[in-house]
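So this one's start-v7.txt, compact mmCIF, C-alpha atoms and all ligand atoms:
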# COMPACT_ATOMS: atom_id res chain seq x y z
CA MET A 282 -18.06 -20.34 -22.47
CA ILE A 283 -19.37 -18.09 -19.69
CA LYS A 284 -23.11 -17.56 -20.17
CA GLU A 285 -23.44 -14.75 -17.66
CA LEU A 286 -23.90 -11.05 -18.21
CA ASN A 287 -21.31 -9.32 -16.08
CA ILE A 288 -21.06 -6.02 -17.90
CA ASP A 289 -21.77 -4.06 -14.76
CA LYS A 290 -18.97 -5.61 -12.71
CA ASN A 291 -15.53 -4.58 -11.47
CA ILE A 292 -12.51 -6.80 -11.98
CA ILE A 293 -9.93 -7.08 -9.21
CA LEU A 294 -6.82 -8.98 -10.24
CA ILE A 295 -4.57 -10.07 -7.36
CA THR A 296 -1.17 -11.45 -8.32
CA ILE A 297 0.99 -12.83 -5.51
CA ASP A 298 4.60 -12.87 -6.67
CA CYS A 299 6.31 -16.30 -6.33
CA LEU A 300 3.32 -18.18 -4.90
CA ARG A 301 3.55 -21.87 -5.75
CA ALA A 302 0.23 -23.60 -6.41
CA ASP A 303 1.14 -26.55 -4.20
CA HIS A 304 1.45 -24.36 -1.08
CA LEU A 305 -2.29 -23.70 -1.04
CA HIS A 306 -4.18 -25.89 1.41
CA CYS A 307 -7.01 -26.24 -1.14
CA MET A 308 -4.40 -27.64 -3.55
CA GLY A 309 -3.38 -30.31 -1.05
CA TYR A 310 -0.67 -28.55 0.99
CA LYS A 311 -0.28 -30.16 4.42
CA LYS A 312 -0.25 -26.86 6.37
CA ASN A 313 -3.41 -24.81 6.48
CA ILE A 314 -1.83 -21.43 5.69
CA THR A 315 -4.45 -20.25 3.18
CA PRO A 316 -7.86 -20.39 4.92
CA ASN A 317 -9.16 -17.23 3.21
CA ILE A 318 -7.92 -18.05 -0.29
CA ASP A 319 -9.36 -21.54 0.18
CA LYS A 320 -12.73 -20.04 1.11
CA MET A 321 -12.71 -18.03 -2.12
CA ALA A 322 -11.78 -21.13 -4.10
CA LYS A 323 -14.63 -23.03 -2.44
CA ASN A 324 -17.09 -20.30 -3.34
CA GLY A 325 -15.62 -19.65 -6.76
CA ILE A 326 -13.79 -21.50 -9.52
CA LEU A 327 -10.49 -23.24 -8.79
CA PHE A 328 -8.15 -24.17 -11.64
CA THR A 329 -5.91 -26.92 -10.28
CA ASN A 330 -3.59 -27.11 -13.29
CA ALA A 331 -2.78 -23.52 -14.19
CA PHE A 332 0.66 -22.69 -15.56
CA SER A 333 2.53 -19.49 -16.13
CA ASN A 334 4.11 -19.08 -19.58
CA ALA A 335 7.42 -18.01 -18.03
CA PRO A 336 9.36 -18.72 -14.81
CA TYR A 337 10.19 -15.13 -13.79
CA THR A 338 8.47 -11.76 -13.59
CA PRO A 339 9.92 -9.74 -16.51
CA TYR A 340 8.76 -12.47 -18.90
CA SER A 341 5.65 -13.64 -17.08
CA ILE A 342 3.78 -10.44 -16.21
CA PRO A 343 3.96 -8.79 -19.66
CA SER A 344 2.97 -12.17 -21.10
CA PHE A 345 -0.37 -12.39 -19.31
CA ILE A 346 -1.06 -8.65 -19.42
CA VAL A 347 -1.03 -8.74 -23.24
CA SER A 348 -1.71 -12.46 -23.77
CA ARG A 349 1.44 -13.16 -25.77
CA ILE A 350 4.36 -15.58 -25.55
CA PRO A 351 7.28 -13.72 -23.93
CA PRO A 352 9.49 -11.82 -24.62
CA ILE A 353 6.99 -9.18 -25.67
CA ASP A 354 7.51 -6.85 -28.57
CA LYS A 355 7.94 -3.20 -27.57
CA GLU A 356 5.29 -2.20 -30.10
CA ILE A 357 2.56 -4.12 -28.29
CA LYS A 358 0.33 -1.62 -26.55
CA GLU A 359 -2.92 -3.52 -25.94
CA THR A 360 -2.56 -4.40 -22.28
CA ILE A 361 -5.71 -5.64 -20.58
CA GLY A 362 -5.61 -2.26 -18.78
CA LEU A 363 -5.90 -0.41 -22.09
CA VAL A 364 -8.60 -2.72 -23.44
CA LEU A 365 -10.75 -2.14 -20.37
CA LYS A 366 -10.04 1.59 -20.28
CA ASN A 367 -11.17 1.84 -23.91
CA ASN A 368 -14.37 0.11 -22.84
CA GLY A 369 -15.19 2.64 -20.14
CA TYR A 370 -13.52 1.17 -17.07
CA TYR A 371 -11.46 3.14 -14.57
CA THR A 372 -8.11 1.38 -14.31
CA ALA A 373 -5.42 1.23 -11.63
CA ALA A 374 -2.41 -0.94 -10.78
CA PHE A 375 -0.53 -0.99 -7.48
CA ASN A 376 2.57 -3.01 -8.21
CA PRO A 377 5.85 -2.52 -6.28
CA ASN A 378 7.74 -5.05 -8.41
CA ALA A 379 10.53 -3.16 -10.17
CA ILE A 380 9.59 -5.01 -13.38
CA ILE A 381 8.57 -1.66 -14.83
CA PHE A 382 12.30 -0.80 -15.09
CA SER A 383 12.97 -3.71 -17.42
CA ASP A 384 9.60 -3.05 -18.98
CA THR A 385 10.66 0.46 -19.96
CA PHE A 386 13.93 -0.72 -21.48
CA GLU A 387 13.10 -3.98 -23.18
CA GLY A 388 9.51 -5.07 -22.85
CA CYS A 389 6.04 -3.94 -23.73
CA ASN A 390 4.55 -1.07 -21.84
CA ILE A 391 2.68 -2.93 -19.10
CA SER A 392 1.53 0.31 -17.49
CA ASN A 393 -0.16 1.34 -20.73
CA GLY A 394 -3.87 2.03 -20.26
CA PHE A 395 -3.80 2.38 -16.48
CA ASP A 396 -5.16 5.69 -15.18
CA VAL A 397 -2.92 5.04 -12.19
CA TYR A 398 0.15 2.77 -12.25
CA ASP A 399 1.72 3.11 -8.83
CA MET A 400 4.98 1.33 -7.98
CA MET A 401 4.81 2.81 -4.48
CA LEU A 402 8.62 3.00 -4.41
CA ASN A 403 10.41 6.23 -3.53
CA TYR A 404 13.94 7.04 -4.78
CA ARG A 405 15.61 5.59 -1.68
CA MET A 406 13.80 2.29 -2.24
CA ARG A 407 14.67 2.24 -5.93
CA PHE A 408 18.33 2.95 -5.19
CA SER A 409 18.42 0.19 -2.60
CA LEU A 410 16.90 -2.28 -5.11
CA ILE A 411 19.53 -1.39 -7.71
CA ILE A 412 22.34 -1.90 -5.17
CA GLY A 413 20.81 -5.25 -4.19
CA CYS A 414 20.72 -6.25 -7.85
CA ILE A 415 24.38 -5.35 -8.43
CA ARG A 416 25.42 -7.24 -5.31
CA GLN A 417 23.47 -10.30 -6.42
CA ARG A 418 25.19 -10.25 -9.83
CA MET A 419 28.62 -10.05 -8.16
CA MET A 420 27.85 -12.96 -5.85
CA LYS A 421 26.50 -14.98 -8.77
CA TYR A 422 29.82 -14.42 -10.55
CA LEU A 423 31.79 -15.41 -7.43
CA ASN A 424 29.73 -18.58 -6.97
CA SER A 425 30.11 -19.61 -10.58
CA SER A 426 33.84 -18.79 -10.71
CA PHE A 427 34.94 -20.99 -7.80
CA LYS A 428 33.82 -24.57 -7.28
CA SER A 429 32.59 -25.06 -3.70
CA ASN A 430 35.15 -27.82 -3.02
CA THR A 431 38.20 -25.68 -3.88
CA PRO A 432 40.37 -24.38 -0.98
CA ILE A 433 39.95 -20.72 -2.01
CA PHE A 434 36.15 -21.03 -1.97
CA LYS A 435 36.24 -22.77 1.42
CA ILE A 436 38.39 -19.99 2.90
CA ILE A 437 36.15 -17.23 1.55
CA TYR A 438 32.97 -19.02 2.61
CA ASN A 439 34.18 -19.86 6.13
CA MET A 440 35.23 -16.28 6.74
CA TYR A 441 31.97 -14.96 5.34
CA SER A 442 29.91 -17.42 7.34
CA LYS A 443 31.61 -16.49 10.62
CA ILE A 444 31.15 -12.77 9.99
CA ILE A 445 27.45 -12.92 9.13
CA ARG A 446 26.76 -15.30 12.03
CA LYS A 447 28.28 -12.76 14.40
CA PHE A 448 26.99 -9.61 12.70
CA PRO A 449 23.85 -10.64 10.79
CA ASN A 450 23.09 -6.97 10.15
CA ILE A 451 26.33 -6.22 8.36
CA LEU A 452 25.46 -7.24 4.79
CA TYR A 453 21.79 -7.60 5.23
CA PRO A 454 19.58 -6.36 2.39
CA LYS A 455 16.81 -4.34 4.00
CA GLU A 456 14.41 -4.87 1.13
CA HIS A 457 11.74 -6.54 3.21
CA LEU A 458 11.51 -3.37 5.27
CA ILE A 459 11.23 -1.03 2.31
CA ILE A 460 9.14 -2.82 -0.30
CA PRO A 461 5.48 -1.96 0.33
CA ASN A 462 3.64 -4.88 1.91
CA ALA A 463 0.17 -6.16 1.10
CA GLU A 464 -1.38 -4.06 3.85
CA SER A 465 -0.09 -0.78 2.40
CA ILE A 466 -1.09 -1.86 -1.13
CA ASN A 467 -4.63 -2.53 0.16
CA THR A 468 -4.76 0.88 1.82
CA GLU A 469 -3.79 2.64 -1.43
CA ALA A 470 -6.21 0.52 -3.43
CA ILE A 471 -9.17 1.18 -1.13
CA SER A 472 -8.55 4.93 -1.14
CA TRP A 473 -8.44 4.81 -4.96
CA ILE A 474 -11.70 2.82 -5.08
CA LYS A 475 -13.43 5.44 -2.91
CA ASN A 476 -12.87 8.04 -5.64
CA GLN A 477 -14.16 6.03 -8.60
CA LYS A 478 -17.47 6.96 -10.17
CA GLY A 479 -18.02 3.81 -12.21
CA ASN A 480 -16.85 0.26 -12.83
CA PHE A 481 -13.15 -0.36 -12.50
CA PHE A 482 -10.29 -2.74 -13.18
CA LEU A 483 -7.91 -2.90 -10.24
CA TRP A 484 -4.64 -4.87 -10.28
CA LEU A 485 -2.85 -5.53 -7.00
CA HIS A 486 0.56 -7.20 -7.02
CA TYR A 487 1.77 -8.40 -3.60
CA MET A 488 5.52 -8.84 -3.09
CA ASP A 489 5.54 -10.37 0.42
CA VAL A 490 6.03 -13.99 -0.69
CA HIS A 491 9.03 -12.98 -2.83
CA GLU A 492 12.47 -13.47 -1.24
CA PRO A 493 13.78 -12.25 1.17
CA TYR A 494 11.23 -14.27 3.13
CA ALA A 495 11.07 -12.13 6.25
CA PRO A 496 7.87 -12.34 8.27
CA ARG A 497 7.83 -9.14 10.31
CA ASN A 498 7.01 -10.71 13.65
CA TYR A 499 9.34 -13.72 13.37
CA ASN A 500 10.79 -14.38 16.82
CA ASN A 501 14.39 -15.25 15.86
CA GLN A 502 15.51 -12.14 13.99
CA ASN A 503 19.22 -13.12 14.01
CA GLU A 504 18.50 -16.44 12.35
CA LEU A 505 16.26 -14.65 9.87
CA LEU A 506 18.93 -12.11 8.91
CA TYR A 507 21.63 -14.79 8.63
CA LEU A 508 19.44 -16.88 6.33
CA ILE A 509 18.34 -13.94 4.18
CA THR A 510 21.97 -13.02 3.60
CA LYS A 511 23.18 -16.56 2.98
CA TYR A 512 20.26 -17.24 0.62
CA ARG A 513 21.27 -14.21 -1.41
CA ASP A 514 25.02 -14.74 -1.38
CA PHE A 515 25.72 -18.48 -1.14
CA PRO A 516 22.48 -20.28 -2.02
CA ASN A 517 24.31 -23.43 -3.06
CA MET A 518 25.66 -23.79 0.51
CA ILE A 519 22.18 -23.97 2.09
CA THR A 520 21.85 -27.04 4.32
CA GLU A 521 18.80 -29.32 4.54
CA LYS A 522 17.87 -27.84 7.93
CA GLU A 523 18.18 -24.27 6.56
CA ARG A 524 16.05 -25.28 3.59
CA GLU A 525 13.29 -26.38 5.96
CA ILE A 526 13.47 -23.07 7.84
CA LEU A 527 13.33 -21.15 4.54
CA ILE A 528 10.20 -23.05 3.49
CA ASN A 529 8.66 -22.24 6.87
CA LEU A 530 9.47 -18.53 6.40
CA TYR A 531 7.99 -18.63 2.90
CA ASP A 532 4.84 -20.22 4.36
CA LEU A 533 4.57 -17.54 7.05
CA GLU A 534 4.61 -14.91 4.31
CA ILE A 535 1.83 -16.79 2.49
CA LEU A 536 -0.18 -16.83 5.73
CA TYR A 537 0.32 -13.05 6.03
CA VAL A 538 -0.87 -12.43 2.46
CA ASP A 539 -3.86 -14.73 2.95
CA ASN A 540 -4.82 -12.68 5.98
CA GLN A 541 -4.44 -9.45 4.02
CA ILE A 542 -6.71 -10.81 1.29
CA ASN A 543 -9.36 -11.31 3.96
CA ASN A 544 -8.83 -7.71 5.12
CA LEU A 545 -9.24 -6.51 1.54
CA ILE A 546 -12.51 -8.46 1.20
CA GLU A 547 -13.82 -6.89 4.42
CA LYS A 548 -12.92 -3.40 3.15
CA LEU A 549 -14.62 -4.11 -0.19
CA LYS A 550 -17.75 -5.11 1.73
CA GLU A 551 -17.60 -1.82 3.67
CA GLU A 552 -17.29 0.09 0.39
CA ASN A 553 -20.28 -1.80 -0.93
CA CYS A 554 -18.43 -3.11 -3.91
CA LEU A 555 -17.74 -6.76 -3.14
CA LYS A 556 -21.04 -7.91 -4.65
CA ASN A 557 -20.34 -6.32 -8.00
CA SER A 558 -16.67 -7.35 -8.17
CA ILE A 559 -15.07 -10.39 -9.73
CA ILE A 560 -11.80 -11.25 -8.01
CA ILE A 561 -9.07 -13.23 -9.74
CA ILE A 562 -6.18 -14.59 -7.66
CA THR A 563 -3.03 -15.94 -9.26
CA SER A 564 0.76 -15.67 -9.26
CA ASP A 565 3.34 -14.76 -11.90
CA HIS A 566 5.40 -17.93 -11.32
CA GLY A 567 6.38 -20.41 -8.61
CA GLU A 568 9.51 -20.81 -6.50
CA GLU A 569 12.19 -23.48 -6.14
CA PHE A 570 13.47 -24.92 -2.88
CA GLY A 571 16.28 -27.12 -4.11
CA GLU A 572 14.06 -29.71 -5.86
CA HIS A 573 16.27 -29.45 -8.93
CA GLY A 574 19.37 -28.00 -7.30
CA ALA A 575 18.36 -24.33 -7.30
CA PHE A 576 16.60 -21.83 -5.08
CA GLY A 577 14.25 -18.99 -5.96
CA HIS A 578 13.37 -18.28 -9.56
CA GLY A 579 16.49 -17.41 -11.48
CA GLY A 580 18.21 -14.84 -9.26
CA SER A 581 21.39 -16.70 -8.32
CA PHE A 582 20.76 -19.65 -10.62
CA LYS A 583 19.54 -20.17 -14.16
CA ALA A 584 15.73 -20.14 -14.17
CA HIS A 585 14.23 -23.62 -14.50
CA LEU A 586 11.02 -24.66 -16.24
CA TYR A 587 10.04 -27.45 -13.83
CA ASP A 588 6.53 -27.40 -12.38
CA GLU A 589 7.61 -25.89 -9.03
CA CYS A 590 8.63 -22.82 -11.08
CA ILE A 591 5.54 -22.48 -13.30
CA HIS A 592 2.56 -24.16 -11.58
CA VAL A 593 0.53 -21.26 -10.19
CA PRO A 594 -2.71 -20.84 -8.23
CA LEU A 595 -5.70 -19.61 -10.20
CA ILE A 596 -9.04 -18.76 -8.64
CA ILE A 597 -11.94 -16.75 -10.03
CA TYR A 598 -14.38 -15.56 -7.39
CA GLY A 599 -17.62 -13.64 -7.90
CA LEU A 600 -19.13 -15.38 -10.92
CA GLU A 601 -22.39 -17.25 -10.57
CA LYS A 602 -20.52 -20.53 -10.81
CA LYS A 603 -19.53 -21.64 -7.33
CA GLY A 604 -17.53 -24.55 -5.98
CA MET A 605 -16.31 -25.48 -9.43
CA VAL A 606 -12.98 -27.25 -9.84
CA ILE A 607 -11.39 -27.26 -13.29
CA GLU A 608 -8.62 -29.85 -13.61
CA ARG A 609 -7.86 -29.27 -17.27
CA GLN A 610 -4.42 -27.75 -18.00
CA VAL A 611 -4.75 -23.98 -18.52
CA GLN A 612 -2.25 -21.15 -18.95
CA LEU A 613 -1.94 -17.52 -17.84
CA LEU A 614 -1.90 -16.53 -21.51
CA ASP A 615 -5.67 -17.05 -21.23
CA LEU A 616 -6.16 -14.63 -18.35
CA SER A 617 -6.70 -11.38 -20.29
CA PRO A 618 -9.00 -13.00 -22.90
CA THR A 619 -11.04 -14.44 -19.99
CA ILE A 620 -11.46 -10.99 -18.42
CA CYS A 621 -12.72 -9.77 -21.82
CA GLU A 622 -15.15 -12.66 -22.06
CA ILE A 623 -16.47 -12.16 -18.53
CA LEU A 624 -17.19 -8.49 -19.30
CA ASN A 625 -18.55 -9.26 -22.77
CA ILE A 626 -15.81 -7.25 -24.48
CA PRO A 627 -14.42 -8.52 -27.83
CA ILE A 628 -11.04 -10.25 -27.37
CA PRO A 629 -8.35 -8.21 -29.21
CA HIS A 630 -7.07 -10.06 -32.29
CA ILE A 631 -3.45 -9.74 -31.13
CA TYR A 632 -4.15 -11.86 -28.01
CA LEU A 633 -2.82 -15.40 -28.43
CA GLY A 634 -4.79 -16.87 -25.54
CA LYS A 635 -8.39 -18.01 -25.41
CA SER A 636 -10.93 -17.82 -22.64
CA LEU A 637 -10.16 -20.12 -19.69
CA PHE A 638 -13.69 -21.46 -20.13
CA ASN A 639 -12.87 -22.72 -23.60
CA ASP A 640 -12.80 -26.50 -23.24
CA SER A 641 -9.62 -27.15 -25.23
CA ASP A 642 -7.01 -29.29 -23.52
CA GLY A 643 -3.96 -28.56 -25.70
CA GLY A 644 -0.28 -28.14 -24.91
CA ILE A 645 1.26 -24.88 -23.75
CA ILE A 646 4.52 -23.04 -24.39
CA VAL A 647 6.69 -21.85 -21.49
CA ASN A 648 9.58 -19.62 -22.42
CA SER A 649 12.66 -18.23 -20.68
CA GLU A 650 15.82 -16.59 -21.92
CA PHE A 651 17.72 -19.87 -22.29
CA ASP A 652 15.10 -22.64 -22.47
CA ILE A 653 11.70 -23.30 -23.96
CA ALA A 654 9.23 -25.94 -22.82
CA TYR A 655 6.17 -27.59 -24.30
CA ARG A 656 3.88 -28.97 -21.59
CA THR A 657 0.93 -31.26 -22.20
CA LYS A 658 -1.25 -33.00 -19.63
CA ASN A 659 1.11 -35.98 -19.57
CA TYR A 660 4.52 -34.81 -20.79
CA LYS A 661 6.96 -31.95 -20.67
CA LEU A 662 9.66 -31.32 -23.24
CA ILE A 663 12.38 -28.80 -22.31
CA ILE A 664 14.69 -27.59 -25.07
CA ARG A 665 17.91 -25.65 -24.48
CA LYS A 666 17.87 -22.71 -26.86
CA THR A 667 21.57 -22.06 -26.54
CA ASP A 668 22.96 -25.32 -27.87
CA GLY A 669 20.04 -27.72 -28.26
CA GLU A 670 21.87 -30.18 -26.01
CA ASN A 671 21.00 -31.61 -22.60
CA ASN A 672 17.32 -31.41 -23.49
CA GLU A 673 14.81 -33.03 -21.17
CA LEU A 674 11.59 -34.98 -21.47
CA TYR A 675 9.41 -36.01 -18.54
CA ASP A 676 6.49 -38.37 -18.15
CA LEU A 677 4.39 -36.21 -15.81
CA LYS A 678 1.90 -38.97 -15.06
CA ASN A 679 4.44 -41.44 -13.72
CA ASP A 680 7.11 -38.95 -12.71
CA PRO A 681 5.32 -35.76 -11.56
CA ASN A 682 8.46 -34.46 -9.82
CA GLU A 683 10.37 -34.49 -13.13
CA PHE A 684 13.37 -36.50 -11.97
CA ILE A 685 13.66 -39.14 -14.73
CA ASN A 686 14.70 -37.74 -18.10
CA ILE A 687 13.26 -39.88 -20.93
CA TYR A 688 14.56 -37.74 -23.77
CA PHE A 689 15.78 -40.95 -25.44
CA ASN A 690 12.17 -42.06 -26.01
CA ASN A 691 11.95 -41.22 -29.69
CA LYS A 692 8.28 -41.98 -30.26
CA ILE A 693 7.01 -39.64 -27.54
CA LEU A 694 9.64 -37.06 -28.46
CA LYS A 695 8.70 -36.94 -32.15
CA ASN A 696 5.00 -36.47 -31.35
CA LEU A 697 5.68 -33.71 -28.84
CA GLU A 698 8.08 -31.90 -31.15
CA SER A 699 5.63 -31.94 -34.02
CA ASP A 700 2.77 -30.73 -31.76
CA MET A 701 5.01 -27.99 -30.39
CA ILE A 702 5.94 -26.80 -33.89
CA LYS A 703 2.29 -26.94 -34.91
CA LEU A 704 1.32 -24.71 -31.97
CA LEU A 705 4.14 -22.25 -32.66
CA ASN A 706 3.12 -22.15 -36.32
CA ASN A 707 -0.47 -21.41 -35.32
CA TYR A 708 0.71 -18.54 -33.15
CA ASN A 709 2.90 -17.37 -36.01
CA LYS A 710 -0.07 -17.18 -38.34
CA LYS A 711 -1.62 -14.70 -35.95
CA ILE A 712 1.49 -12.67 -35.12
CA LYS A 713 5.19 -12.75 -35.98
CA LEU A 714 6.74 -14.80 -33.21
CA GLY A 715 10.52 -14.37 -33.16
CA ILE A 716 11.27 -17.65 -31.42
CA THR A 717 9.71 -20.08 -33.87
CA ARG A 718 12.52 -20.30 -36.41
CA SER A 719 15.27 -20.82 -33.82
CA ILE A 720 13.25 -23.58 -32.12
CA LYS A 721 12.60 -25.27 -35.46
CA ASN A 722 16.33 -25.15 -36.21
CA ILE A 723 17.22 -26.73 -32.90
CA ILE A 724 14.71 -29.54 -33.41
CA LEU A 725 15.60 -30.14 -37.06
CA ASN A 726 19.34 -30.12 -36.41
CA ARG A 727 19.13 -32.54 -33.54
ZN ZN B 1 7.81 -12.56 -9.94
Kindly return the structure encoded in the file as structure tokens.
Ligand SMILES: [Zn+2]
Amino acid sequence: MIKELNIDKNIILITIDCLRADHLHCMGYKKNITPNIDKMAKNGILFTNAFSNAPYTPYSIPSFIVSRIPPIDKEIKETIGLVLKNNGYYTAAFNPNAIIFSDTFEGCNISNGFDVYDMMLNYRMRFSLIIGCIRQRMMKYLNSSFKSNTPIFKIIYNMYSKIIRKFPNILYPKEHLIIPNAESINTEAISWIKNQKGNFFLWLHYMDVHEPYAPRNYNNQNELLYLITKYRDFPNMITEKEREILINLYDLEILYVDNQINNLIEKLKEENCLKNSIIIITSDHGEEFGEHGAFGHGGSFKAHLYDECIHVPLIIYGLEKKGMVIERQVQLLDLSPTICEILNIPIPHIYLGKSLFNDSDGGIIVNSEFDIAYRTKNYKLIIRKTDGENNELYDLKNDPNEFINIYFNNKILKNLESDMIKLLNNYNKKIKLGITRSIKNIILNR
């Protein structure tokens, strides 16, 4: 429980799309690419075991914005934006992730309650994103239709490879040049702040760490373009050396964002509003680099629920508590209730999460379209929703990389399954959760 009175404070939520927790230096990463985020962690509260409740944006963001297990019911309106607006806060979101498209068609209304919800994307950018999406779907189909050792695949791939080596510009998706970067998001945000007459809730969503990883001043542009294209079109042909370069590019984007966070802090100081702001830094999900045979977070492959996909950074800066490290397992479902608690606002009854400062150490649910996971401090159970087969169980203490499937261990399995059902039942008592019955069926019919 937070025993501070922070009613007169602003909340600034910074979400960095695709940022893995283990690429923060303060989380043990070998390269020091996050000096400014680390400084905030050192002077704030660092949660070292924070997990997203979904492995990709359209499930993850709505989930923490309304504190519910995804997918989110269209009827749900109580975003944290709306809750704060109803309590007198000015609210704004600057979020260039096209999630709002899927949001409009199938999810909850994440923009609900924001005085300003700015995607910062003009029609040309939106059109380009749609084309990119169609192309990705086509390549996914091509990759899944032909096995990479068949002659036809080899012919197509060799031809393709030669062409993009020679003309890296030819198929290149220009997204990294059109999606607003952290710097332009900061500029918009600061000019919005200048016009506010009272306390505010500001949500900034940076897209720079999302693929295509394309640091703007990278010296080998041809290599960059070749890799961006290959990553999109033939990710399963990426070599070990290319994987290393991709990780380096990803890290350079993290370094850029870290630098931009420092710029934002400096601007907040100039505007005289750093002292009365609480800044929360997190990510919507992680990113895979071939650890379990896939890259990214579901684009060309099926989204996984391994820790590299769901372990996210979580830092709260600006509370009286400083230099605090919380190792307990927590989840992003608890983010919106925590903001309420910090500002002394009642937590809406439809929120499934609790405050992050609640000491409970229970298991969490992570959900995707095809799989559902139950993660405790020591184990992770992954259940295939489609057929209930090829399920997985990992001993996270002895096998933190999740390589050894111990699904045959009946004693552990039974306990986890019953705890998982208990948790889903508890959620169900509060709200009608569509997934519970299907999960129960899968477990009972095993
Ligand atoms: Zn995302």
At most 12 Å from ligand ZN 1 (chain B) (all atoms listed in the file): residue list as a compact mmCIF listing (two decimals) with C-alpha atoms, keeping the file's coordinate frame:
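File pocket.txt, as written:
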# COMPACT_ATOMS: atom_id res chain seq x y z
CA THR A 296 -1.17 -11.45 -8.32
CA ILE A 297 0.99 -12.83 -5.51
CA ASP A 298 4.60 -12.87 -6.67
CA CYS A 299 6.31 -16.30 -6.33
CA LEU A 300 3.32 -18.18 -4.90
CA ARG A 301 3.55 -21.87 -5.75
CA SER A 333 2.53 -19.49 -16.13
CA ALA A 335 7.42 -18.01 -18.03
CA PRO A 336 9.36 -18.72 -14.81
CA TYR A 337 10.19 -15.13 -13.79
CA THR A 338 8.47 -11.76 -13.59
CA PRO A 339 9.92 -9.74 -16.51
CA TYR A 340 8.76 -12.47 -18.90
CA SER A 341 5.65 -13.64 -17.08
CA ILE A 342 3.78 -10.44 -16.21
CA PRO A 343 3.96 -8.79 -19.66
CA ASN A 376 2.57 -3.01 -8.21
CA PRO A 377 5.85 -2.52 -6.28
CA ASN A 378 7.74 -5.05 -8.41
CA ALA A 379 10.53 -3.16 -10.17
CA ILE A 380 9.59 -5.01 -13.38
CA ILE A 381 8.57 -1.66 -14.83
CA HIS A 486 0.56 -7.20 -7.02
CA TYR A 487 1.77 -8.40 -3.60
CA MET A 488 5.52 -8.84 -3.09
CA ASP A 489 5.54 -10.37 0.42
CA VAL A 490 6.03 -13.99 -0.69
CA HIS A 491 9.03 -12.98 -2.83
CA GLU A 492 12.47 -13.47 -1.24
CA THR A 563 -3.03 -15.94 -9.26
CA SER A 564 0.76 -15.67 -9.26
CA ASP A 565 3.34 -14.76 -11.90
CA HIS A 566 5.40 -17.93 -11.32
CA GLY A 567 6.38 -20.41 -8.61
CA GLU A 568 9.51 -20.81 -6.50
CA GLY A 577 14.25 -18.99 -5.96
CA HIS A 578 13.37 -18.28 -9.56
CA GLY A 579 16.49 -17.41 -11.48
CA GLY A 580 18.21 -14.84 -9.26
CA ALA A 584 15.73 -20.14 -14.17
CA CYS A 590 8.63 -22.82 -11.08
CA ILE A 591 5.54 -22.48 -13.30
CA VAL A 593 0.53 -21.26 -10.19
Query raised in the report: Can you list, as a list in words, every protein, DNA or RNA residue that comes within 7 Å of Tyr494 in chain A when you count only C-alpha atoms, leaving out same-chain residues fewer than 6 positions away?
Result: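 Residues meeting the cut-off are Leu530, Tyr531 and Glu534 of chain A.
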Query raised in the report: Expressed in Å to a single decimal, how great is the separation between CA of Ser344 in chain A and CA of Gly643 in chain A?
Result: 18.4 Å
Query raised in the report: Which residues, written as a list in words, have at least one atom at most 12 Å from Val606 in chain A, with only C-alpha atoms counted and residues fewer than 5 positions away on the same chain left out?
Result: Cys307, Met308, Ala322, Lys323, Asn324, Gly325, Ile326, Leu327, Phe328, Thr329, Asn330, Ala331, Leu595, Ile596, Ile597 and Phe638 of chain A
Within 8 Å of (-7.5, -1.7, -9.4) (coordinates as in the file), grab all the protein and nucleic acid residues, counting only C-alpha atoms, and write them out as a compact mmCIF listing (two decimals) with C-alpha atoms, in the frame of the given file.
# COMPACT_ATOMS: atom_id res chain seq x y z
CA ILE A 292 -12.51 -6.80 -11.98
CA ILE A 293 -9.93 -7.08 -9.21
CA LEU A 294 -6.82 -8.98 -10.24
CA THR A 372 -8.11 1.38 -14.31
CA ALA A 373 -5.42 1.23 -11.63
CA ALA A 374 -2.41 -0.94 -10.78
CA PHE A 375 -0.53 -0.99 -7.48
CA ALA A 470 -6.21 0.52 -3.43
CA TRP A 473 -8.44 4.81 -4.96
CA ILE A 474 -11.70 2.82 -5.08
CA PHE A 481 -13.15 -0.36 -12.50
CA PHE A 482 -10.29 -2.74 -13.18
CA LEU A 483 -7.91 -2.90 -10.24
CA TRP A 484 -4.64 -4.87 -10.28
CA LEU A 485 -2.85 -5.53 -7.00
Query raised in the report: By how many Å are CA of Ile620 in chain A and CA of Asp399 in chain A apart?
Result: 21.6 Å
Query - For His585 in chain A, the nearest of the candidates A:Asp615, A:Ile626, A:Val647, A:Asn543, counting only C-alpha atoms - result: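 Distance minimum relative to His585 in chain A lands on A:Val647.
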